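Colleague: Take a look at this one; I'll ask things after.
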Amino acid sequence: MSTSNQYDVTTWPDGNPYDDVGAVINSIIADVKRRQAVSDVADGGRPGAVISIPPGDYRLRTQVVVDVSFLRIEGAGHGFTSSSIRFNLPEDERSGLHELWPGGSRILVDLPAAGVEEEADGAAFLIARSGSPRISSVEFSGFCIDGLHFTGDGPGGNPENSYVNGKTGIYVADANDSFRITGMGFVYLENAVTIYNADALSIHDNFIAECGSCIELRGWGQASKITDNLIGAGFAGRSIYAEHHGGLLITANNVFPRGASSIHLHGVTRSSVTNNRLHSFYPGMVILAANSSENLVGSNHFLRDHEPWTPFLGVDNGLDDRYGLLAISGSDNSVIGNHFSEIVEARSVRPEGSVPVIIRLVEGTGNFVSGNHIVAKDVSTTSGDSCFAAQVDALLTTDSALGLDVTTVAVDAAATGNTILDSGTDDQVRADRAVNAVRPLPTLPAPSPGASDRDVVRT
């Protein structure tokens, strides 16, 4: 029996945390509920608890079910390291690696696959409590949740590249208030974080990568934030997804490539996507869908280039280059002061012979697109067997002899009454001037005889 509200999984007398930390944490939560059974004792009664996970590897064979408020589960380090790089090395090279697995305070999700019938069944941590008030102030901080292996049909026949295993790191099933996920590591999970009906949620300073999908906010929500995270989903998943949210702040995230989308908002209103660095190998980097309106998309850096790593060559998200790097279906959105780099090989543009689109207004009215800078270059692509070296080489290469023709802003027929200012020259903006206001950038003078393309600044 504990006499305080501070617990340690390695000293708790019930169960073995190294064999099944899930059963140990559930036993601790049961003790918290037993000891804090009265809801009002001297203006208190249920202060919650802290569960500490020291550095080490802890197998989780039993799903943790959290149904109490004010619970913090904390570790001593997020422990992320790339499993994808390891699993794509030849077997004879793995023995020379300094370490093979993620570290820190590490949860090894080893739930039986036979027991996964619904999405929530595959979650390492399930937060579920209905009724009033909503479950509140549950916090996860400073440990790693590792799905261990992918098991689907991956590119080249390698299941470890499939991003499929039915496992979720944290799954919140019911309406919640003031949850915090900070300083965590997530790796090799089909879904890292799935949260329904969030209010004042903070997902901050986490490392969430090599997961099928990284952050999904479902149902509805308000006044939440996704900030300062390092994020990278798989080719069939989404790095950041939110539906029916208002007042959502998505800021200062570094989103890695390979996710089918970097940020996908569905029916999201009066929210901000600002100061993010976004990198993708495909069109459809940021999508505002289902009448997402009155949002600000500002001061973001978009980079679209090609996949350089051999195991994933030929993989895409099914969208062609006419879709747009930023596609908007909604009204009264502001797209201001973003930088777009479209660095692709002209002959790889799809459909063949088409002109890539950077910003696309699919439908809606009152959208304001202003002061966006677009750099478009035709490059010769290379690939390599080293993920790190190939990616860094691609990022640092800026020399290009040729510019790439692009449509900087495309306004579809279903989008009217929009304003496009200083975001492309007259021939780079495709819009019906009779129903949309367009102020193009001035056209630069032609280069003098003998000047090279590198002497010409291109929009």
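Letters for chains follow the order of the structure tokens (A, B, ...), residue numbers begin at 1 for each chain, and ligand numbers begin at 1 in the order shown.
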Using the chain letters and numbers from this document, which residues of segment 152-397 of chain A does DSSP assign to strand (DSSP E or B), as a PyMOL selection string?

Modeller: chain A and resi 168-172+176-177+180-182+185-187+191-199+202-204+207-211+213-222+225-227+230-233+238-243+245-246+249-251+254-255+261-266+269+272-274+277-280+286-289+293+296-298+301-304+309+326-329+334-336+339-344+357-364+368-370+373-378+384

Colleague: So that I can see what lies close to segment 106-115 of chain A, please list as a PyMOL selection string the residues with an atom at most 10 Å from it, counting only C-alpha atoms and leaving out residues fewer than 5 positions away in the same chain.

Modeller: chain A and resi 17-22+53-63+75-80+101+121-125+142-149+165-169+185-186+188-189

Colleague: Include C-alpha atoms and write out the residues we just selected as a PDB file, in the first residue's frame.

Modeller:
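Output (result-v2.pdb):
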```pdb
ATOM      1  CA  PRO A  17       7.086  -4.064 -14.771  1.00  0.00           C
ATOM      2  CA  TYR A  18       9.754  -5.518 -17.066  1.00  0.00           C
ATOM      3  CA  ASP A  19       7.471  -8.348 -18.137  1.00  0.00           C
ATOM      4  CA  ASP A  20       4.164  -6.412 -18.198  1.00  0.00           C
ATOM      5  CA  VAL A  21       4.254  -2.759 -17.204  1.00  0.00           C
ATOM      6  CA  GLY A  22       0.628  -2.424 -18.312  1.00  0.00           C
ATOM      7  CA  ILE A  53       8.964   5.000 -15.172  1.00  0.00           C
ATOM      8  CA  PRO A  54      12.757   4.958 -14.659  1.00  0.00           C
ATOM      9  CA  PRO A  55      15.073   4.379 -17.644  1.00  0.00           C
ATOM     10  CA  GLY A  56      14.750   0.818 -18.911  1.00  0.00           C
ATOM     11  CA  ASP A  57      12.821  -1.473 -21.250  1.00  0.00           C
ATOM     12  CA  TYR A  58       9.305  -2.342 -20.078  1.00  0.00           C
ATOM     13  CA  ARG A  59       7.208  -4.780 -22.073  1.00  0.00           C
ATOM     14  CA  LEU A  60       3.476  -3.966 -22.204  1.00  0.00           C
ATOM     15  CA  ARG A  61       1.288  -7.038 -22.600  1.00  0.00           C
ATOM     16  CA  THR A  62      -1.835  -5.560 -20.952  1.00  0.00           C
ATOM     17  CA  GLN A  63      -3.498  -2.362 -22.143  1.00  0.00           C
ATOM     18  CA  GLY A  75       9.708   8.825 -17.653  1.00  0.00           C
ATOM     19  CA  ALA A  76      13.331   9.902 -17.821  1.00  0.00           C
ATOM     20  CA  GLY A  77      13.837  10.339 -21.570  1.00  0.00           C
ATOM     21  CA  HIS A  78      11.934  10.020 -24.864  1.00  0.00           C
ATOM     22  CA  GLY A  79      14.503   7.547 -26.179  1.00  0.00           C
ATOM     23  CA  PHE A  80      13.750   7.887 -29.895  1.00  0.00           C
ATOM     24  CA  TRP A 101      16.540  -0.277 -30.206  1.00  0.00           C
ATOM     25  CA  ASP A 121      -8.001  -2.423 -28.710  1.00  0.00           C
ATOM     26  CA  GLY A 122      -4.508  -1.921 -30.098  1.00  0.00           C
ATOM     27  CA  ALA A 123      -3.716   1.083 -27.884  1.00  0.00           C
ATOM     28  CA  ALA A 124      -0.977   0.864 -25.279  1.00  0.00           C
ATOM     29  CA  PHE A 125      -2.746   3.578 -23.242  1.00  0.00           C
ATOM     30  CA  GLY A 142       9.301  11.887 -21.107  1.00  0.00           C
ATOM     31  CA  PHE A 143       9.101   8.260 -22.205  1.00  0.00           C
ATOM     32  CA  CYS A 144       9.106   6.249 -25.433  1.00  0.00           C
ATOM     33  CA  ILE A 145       6.255   4.136 -26.803  1.00  0.00           C
ATOM     34  CA  ASP A 146       7.669   1.638 -29.316  1.00  0.00           C
ATOM     35  CA  GLY A 147       5.488  -0.547 -31.549  1.00  0.00           C
ATOM     36  CA  LEU A 148       8.512  -2.799 -32.236  1.00  0.00           C
ATOM     37  CA  HIS A 149       7.675  -4.053 -35.747  1.00  0.00           C
ATOM     38  CA  ASN A 165       0.638  -3.220 -37.221  1.00  0.00           C
ATOM     39  CA  GLY A 166      -2.674  -2.259 -35.596  1.00  0.00           C
ATOM     40  CA  LYS A 167      -0.913  -0.570 -32.655  1.00  0.00           C
ATOM     41  CA  THR A 168      -1.646   2.870 -31.195  1.00  0.00           C
ATOM     42  CA  GLY A 169       0.407   4.686 -28.571  1.00  0.00           C
ATOM     43  CA  GLY A 185       8.907   9.603 -28.185  1.00  0.00           C
ATOM     44  CA  PHE A 186       6.715   7.501 -30.501  1.00  0.00           C
ATOM     45  CA  TYR A 188       6.774   2.160 -35.179  1.00  0.00           C
ATOM     46  CA  LEU A 189       3.114   2.550 -34.255  1.00  0.00           C
TER      47      LEU A 189
END
```

Colleague: Let me make sure I understand: among A:Tyr171, A:Phe207, A:Phe70, A:Phe368, which one has the smallest atom-to-atom distance to Asn418 of chain A if we use only C-alpha atoms?

Modeller: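 The answer is A:Phe368, which sits nearest to Asn418 of chain A.
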
Colleague: Between A:Asn300, A:Thr419, A:Ser162, A:Asn333, which one has atoms that come closest to Ile374 of chain A, using only C-alpha atoms?

Modeller: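 Looking at the shortest contact to Ile374 of chain A, the residue is A:Asn300.
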
Colleague: Tell me which protein, DNA and RNA residues are within 8 Å of Asp426 of chain A, counting only C-alpha atoms, leaving out same-chain ones fewer than 5 positions away, and put them as a ChimeraX atom specification.

Modeller: /A:439-443

Colleague: Could you work out how far atom CA of Ala175 of chain A lies from atom CA of Ser52 of chain A, giving the answer in Å with one decimal?

Modeller: 25.5 Å

Colleague: Quick one: everything within 9 Å of Leu249 of chain A, counting only C-alpha atoms, minus sequence neighbours fewer than 2 positions away in the same chain. Send it as a list in words.

Modeller: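 Once the nearby chain positions are removed, what remains is Ala223, Ser224, Lys225, Ile226, Thr227, Gly247, Thr251, Ser271, Ser272, Val273 and Thr274 of chain A.
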
Colleague: List the neighbours of Glu160 of chain A out to 9 Å using only C-alpha atoms; skip same-chain residues closer than 2 positions along the sequence, and give me the result as JSON, numbers by chain.

Modeller: {"A": [83, 84, 87, 88, 149, 150, 151, 152, 153, 154, 157, 158, 162, 163, 164, 188]}

Colleague: Output C-alpha atoms for every residue in that selection, as a PDB file, in the first residue's frame.

Modeller:
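Final output, out_16.pdb:
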```
ATOM      1  CA  SER A  83      13.972   1.822 -36.339  1.00  0.00           C
ATOM      2  CA  SER A  84      13.445   2.325 -40.067  1.00  0.00           C
ATOM      3  CA  PHE A  87      15.477  -2.482 -40.420  1.00  0.00           C
ATOM      4  CA  ASN A  88      16.711  -1.383 -43.851  1.00  0.00           C
ATOM      5  CA  HIS A 149       7.675  -4.053 -35.747  1.00  0.00           C
ATOM      6  CA  PHE A 150       5.422  -3.340 -38.712  1.00  0.00           C
ATOM      7  CA  THR A 151       3.668  -6.354 -40.169  1.00  0.00           C
ATOM      8  CA  GLY A 152       1.858  -5.256 -43.347  1.00  0.00           C
ATOM      9  CA  ASP A 153       2.718  -5.447 -47.036  1.00  0.00           C
ATOM     10  CA  GLY A 154       5.533  -2.926 -47.427  1.00  0.00           C
ATOM     11  CA  GLY A 157       8.107  -6.877 -49.834  1.00  0.00           C
ATOM     12  CA  ASN A 158       9.591  -5.560 -46.578  1.00  0.00           C
ATOM     13  CA  SER A 162       4.558  -0.918 -44.299  1.00  0.00           C
ATOM     14  CA  TYR A 163       3.661   1.343 -41.317  1.00  0.00           C
ATOM     15  CA  VAL A 164       0.935  -1.189 -40.445  1.00  0.00           C
ATOM     16  CA  TYR A 188       6.774   2.160 -35.179  1.00  0.00           C
TER      17      TYR A 188
END
```

Colleague: Expressed in Å to a single decimal, how great is the separation between atom CA of Arg277 of chain A and atom CA of Val297 of chain A?

Modeller: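 Distance reported for this atom pair: 12.3 Å.
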
Colleague: For the alpha helix (DSSP H) assignment from backbone DSSP, which residues of segment 238-398 of chain A qualify? Please present them as a VMD selection string.

Modeller: chain A and resid 387 to 396

Colleague: From the options A:Val344, A:Ala437, A:Cys214, A:Ile358, which residue's atoms come nearest to Phe235 of chain A, counting only C-alpha atoms?

Modeller: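 Nearest candidate to Phe235 of chain A out of A:Val344, A:Ala437, A:Cys214, A:Ile358: A:Cys214.
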
Colleague: Need to verify the contact set: His339 of chain A, 9 Å, only C-alpha atoms, exclusion of same-chain residues closer than 4 positions in sequence. Can you return it as a list in words?

Modeller: Ser299, Asn300, His301, Phe302, Leu303, Asn372, His373, Ile374 and Val375 of chain A

Colleague: With a distance cut-off of 8 Å and only C-alpha atoms, select the neighbouring residues of segment 256-266 of chain A, excluding the residue or stretch itself and same-chain residues fewer than 4 positions from it, and output the selection as a ChimeraX atom specification.

Modeller: /A:213,230-244,278-282,284-292,307,316-317

Colleague: Please save N, CA and C atoms of the selected residues as an mmCIF file, in the first residue's frame.

Modeller:
```cif
data_model
loop_
_atom_site.group_PDB
_atom_site.id
_atom_site.type_symbol
_atom_site.label_atom_id
_atom_site.label_comp_id
_atom_site.auth_asym_id
_atom_site.auth_seq_id
_atom_site.Cartn_x
_atom_site.Cartn_y
_atom_site.Cartn_z
ATOM 1 N N SER A 213 0.401 7.102 -38.847
ATOM 2 C CA SER A 213 -0.098 8.460 -38.650
ATOM 3 C C SER A 213 0.401 8.935 -37.295
ATOM 4 N N LEU A 230 8.624 17.414 -33.459
ATOM 5 C CA LEU A 230 9.297 16.807 -34.603
ATOM 6 C C LEU A 230 8.435 15.627 -35.026
ATOM 7 N N ILE A 231 7.939 15.649 -36.286
ATOM 8 C CA ILE A 231 6.863 14.743 -36.684
ATOM 9 C C ILE A 231 7.144 14.188 -38.075
ATOM 10 N N GLY A 232 6.839 12.918 -38.289
ATOM 11 C CA GLY A 232 6.948 12.346 -39.618
ATOM 12 C C GLY A 232 6.151 11.074 -39.749
ATOM 13 N N ALA A 233 5.100 11.098 -40.574
ATOM 14 C CA ALA A 233 4.222 9.946 -40.753
ATOM 15 C C ALA A 233 4.686 9.089 -41.931
ATOM 16 N N GLY A 234 4.001 7.973 -42.136
ATOM 17 C CA GLY A 234 4.257 7.093 -43.266
ATOM 18 C C GLY A 234 3.500 7.529 -44.500
ATOM 19 N N PHE A 235 3.779 6.871 -45.618
ATOM 20 C CA PHE A 235 3.242 7.305 -46.911
ATOM 21 C C PHE A 235 1.730 7.146 -47.032
ATOM 22 N N ALA A 236 1.118 6.326 -46.203
ATOM 23 C CA ALA A 236 -0.331 6.164 -46.241
ATOM 24 C C ALA A 236 -1.033 6.909 -45.116
ATOM 25 N N GLY A 237 -0.275 7.627 -44.282
ATOM 26 C CA GLY A 237 -0.854 8.271 -43.109
ATOM 27 C C GLY A 237 -0.673 9.771 -43.113
ATOM 28 N N ARG A 238 -1.076 10.387 -42.018
ATOM 29 C CA ARG A 238 -1.057 11.845 -41.906
ATOM 30 C C ARG A 238 -0.209 12.249 -40.715
ATOM 31 N N SER A 239 0.619 13.274 -40.927
ATOM 32 C CA SER A 239 1.455 13.739 -39.828
ATOM 33 C C SER A 239 0.623 14.473 -38.789
ATOM 34 N N ILE A 240 -0.214 15.424 -39.223
ATOM 35 C CA ILE A 240 -1.131 16.133 -38.321
ATOM 36 C C ILE A 240 -2.496 16.169 -38.997
ATOM 37 N N TYR A 241 -3.500 15.662 -38.318
ATOM 38 C CA TYR A 241 -4.867 15.674 -38.834
ATOM 39 C C TYR A 241 -5.800 16.160 -37.742
ATOM 40 N N ALA A 242 -6.737 17.023 -38.105
ATOM 41 C CA ALA A 242 -7.738 17.496 -37.144
ATOM 42 C C ALA A 242 -9.063 17.679 -37.860
ATOM 43 N N GLU A 243 -10.142 17.331 -37.189
ATOM 44 C CA GLU A 243 -11.468 17.519 -37.777
ATOM 45 C C GLU A 243 -12.373 18.257 -36.789
ATOM 46 N N HIS A 244 -13.173 19.150 -37.354
ATOM 47 C CA HIS A 244 -14.195 19.874 -36.601
ATOM 48 C C HIS A 244 -13.650 20.531 -35.339
ATOM 49 N N LEU A 278 7.661 22.557 -43.204
ATOM 50 C CA LEU A 278 6.947 21.414 -43.746
ATOM 51 C C LEU A 278 7.710 20.865 -44.942
ATOM 52 N N HIS A 279 7.932 19.570 -44.971
ATOM 53 C CA HIS A 279 8.711 18.936 -46.031
ATOM 54 C C HIS A 279 7.944 17.708 -46.498
ATOM 55 N N SER A 280 7.804 17.569 -47.806
ATOM 56 C CA SER A 280 7.037 16.450 -48.337
ATOM 57 C C SER A 280 7.618 15.985 -49.658
ATOM 58 N N PHE A 281 7.385 14.703 -49.961
ATOM 59 C CA PHE A 281 7.768 14.154 -51.254
ATOM 60 C C PHE A 281 6.603 14.161 -52.238
ATOM 61 N N TYR A 282 5.436 14.662 -51.826
ATOM 62 C CA TYR A 282 4.243 14.572 -52.672
ATOM 63 C C TYR A 282 3.460 15.886 -52.642
ATOM 64 N N GLY A 284 -0.231 17.916 -52.067
ATOM 65 C CA GLY A 284 -1.183 17.765 -50.970
ATOM 66 C C GLY A 284 -0.526 17.853 -49.617
ATOM 67 N N MET A 285 0.449 18.760 -49.476
ATOM 68 C CA MET A 285 1.154 18.894 -48.200
ATOM 69 C C MET A 285 0.229 19.409 -47.110
ATOM 70 N N VAL A 286 -0.482 20.495 -47.398
ATOM 71 C CA VAL A 286 -1.442 21.061 -46.443
ATOM 72 C C VAL A 286 -2.798 21.111 -47.126
ATOM 73 N N ILE A 287 -3.800 20.534 -46.486
ATOM 74 C CA ILE A 287 -5.142 20.448 -47.045
ATOM 75 C C ILE A 287 -6.119 21.058 -46.053
ATOM 76 N N LEU A 288 -6.881 22.035 -46.515
ATOM 77 C CA LEU A 288 -8.008 22.575 -45.757
ATOM 78 C C LEU A 288 -9.257 22.128 -46.486
ATOM 79 N N ALA A 289 -9.977 21.165 -45.900
ATOM 80 C CA ALA A 289 -11.087 20.509 -46.578
ATOM 81 C C ALA A 289 -12.386 20.715 -45.815
ATOM 82 N N ALA A 290 -13.491 20.334 -46.476
ATOM 83 C CA ALA A 290 -14.814 20.292 -45.838
ATOM 84 C C ALA A 290 -15.205 21.641 -45.246
ATOM 85 N N ASN A 291 -15.073 22.698 -46.056
ATOM 86 C CA ASN A 291 -15.451 24.051 -45.653
ATOM 87 C C ASN A 291 -14.659 24.545 -44.447
ATOM 88 N N SER A 292 -13.373 24.253 -44.416
ATOM 89 C CA SER A 292 -12.496 24.827 -43.388
ATOM 90 C C SER A 292 -12.355 26.318 -43.665
ATOM 91 N N GLU A 307 11.697 11.797 -53.132
ATOM 92 C CA GLU A 307 12.206 10.765 -52.232
ATOM 93 C C GLU A 307 13.620 10.355 -52.669
ATOM 94 N N ASP A 316 4.155 6.893 -53.606
ATOM 95 C CA ASP A 316 3.570 8.230 -53.555
ATOM 96 C C ASP A 316 2.246 8.177 -52.813
ATOM 97 N N ASN A 317 1.554 9.330 -52.760
ATOM 98 C CA ASN A 317 0.283 9.388 -52.023
ATOM 99 C C ASN A 317 -0.924 9.384 -52.944
#
```

Colleague: I need the residue nearest Ile25 of chain A from this list: A:Gln6, A:Ile51, A:Val41, A:Tyr323. Use only C-alpha atoms for the distance.

Modeller: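 Distance minimum relative to Ile25 of chain A lands on A:Ile51.
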
Colleague: Could you jot down the atom CA of Ser354 of chain A to atom CA of Thr407 of chain A separation for me, Å, one decimal place?

Modeller: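 Computing it gives 10.1 Å between the two atoms.
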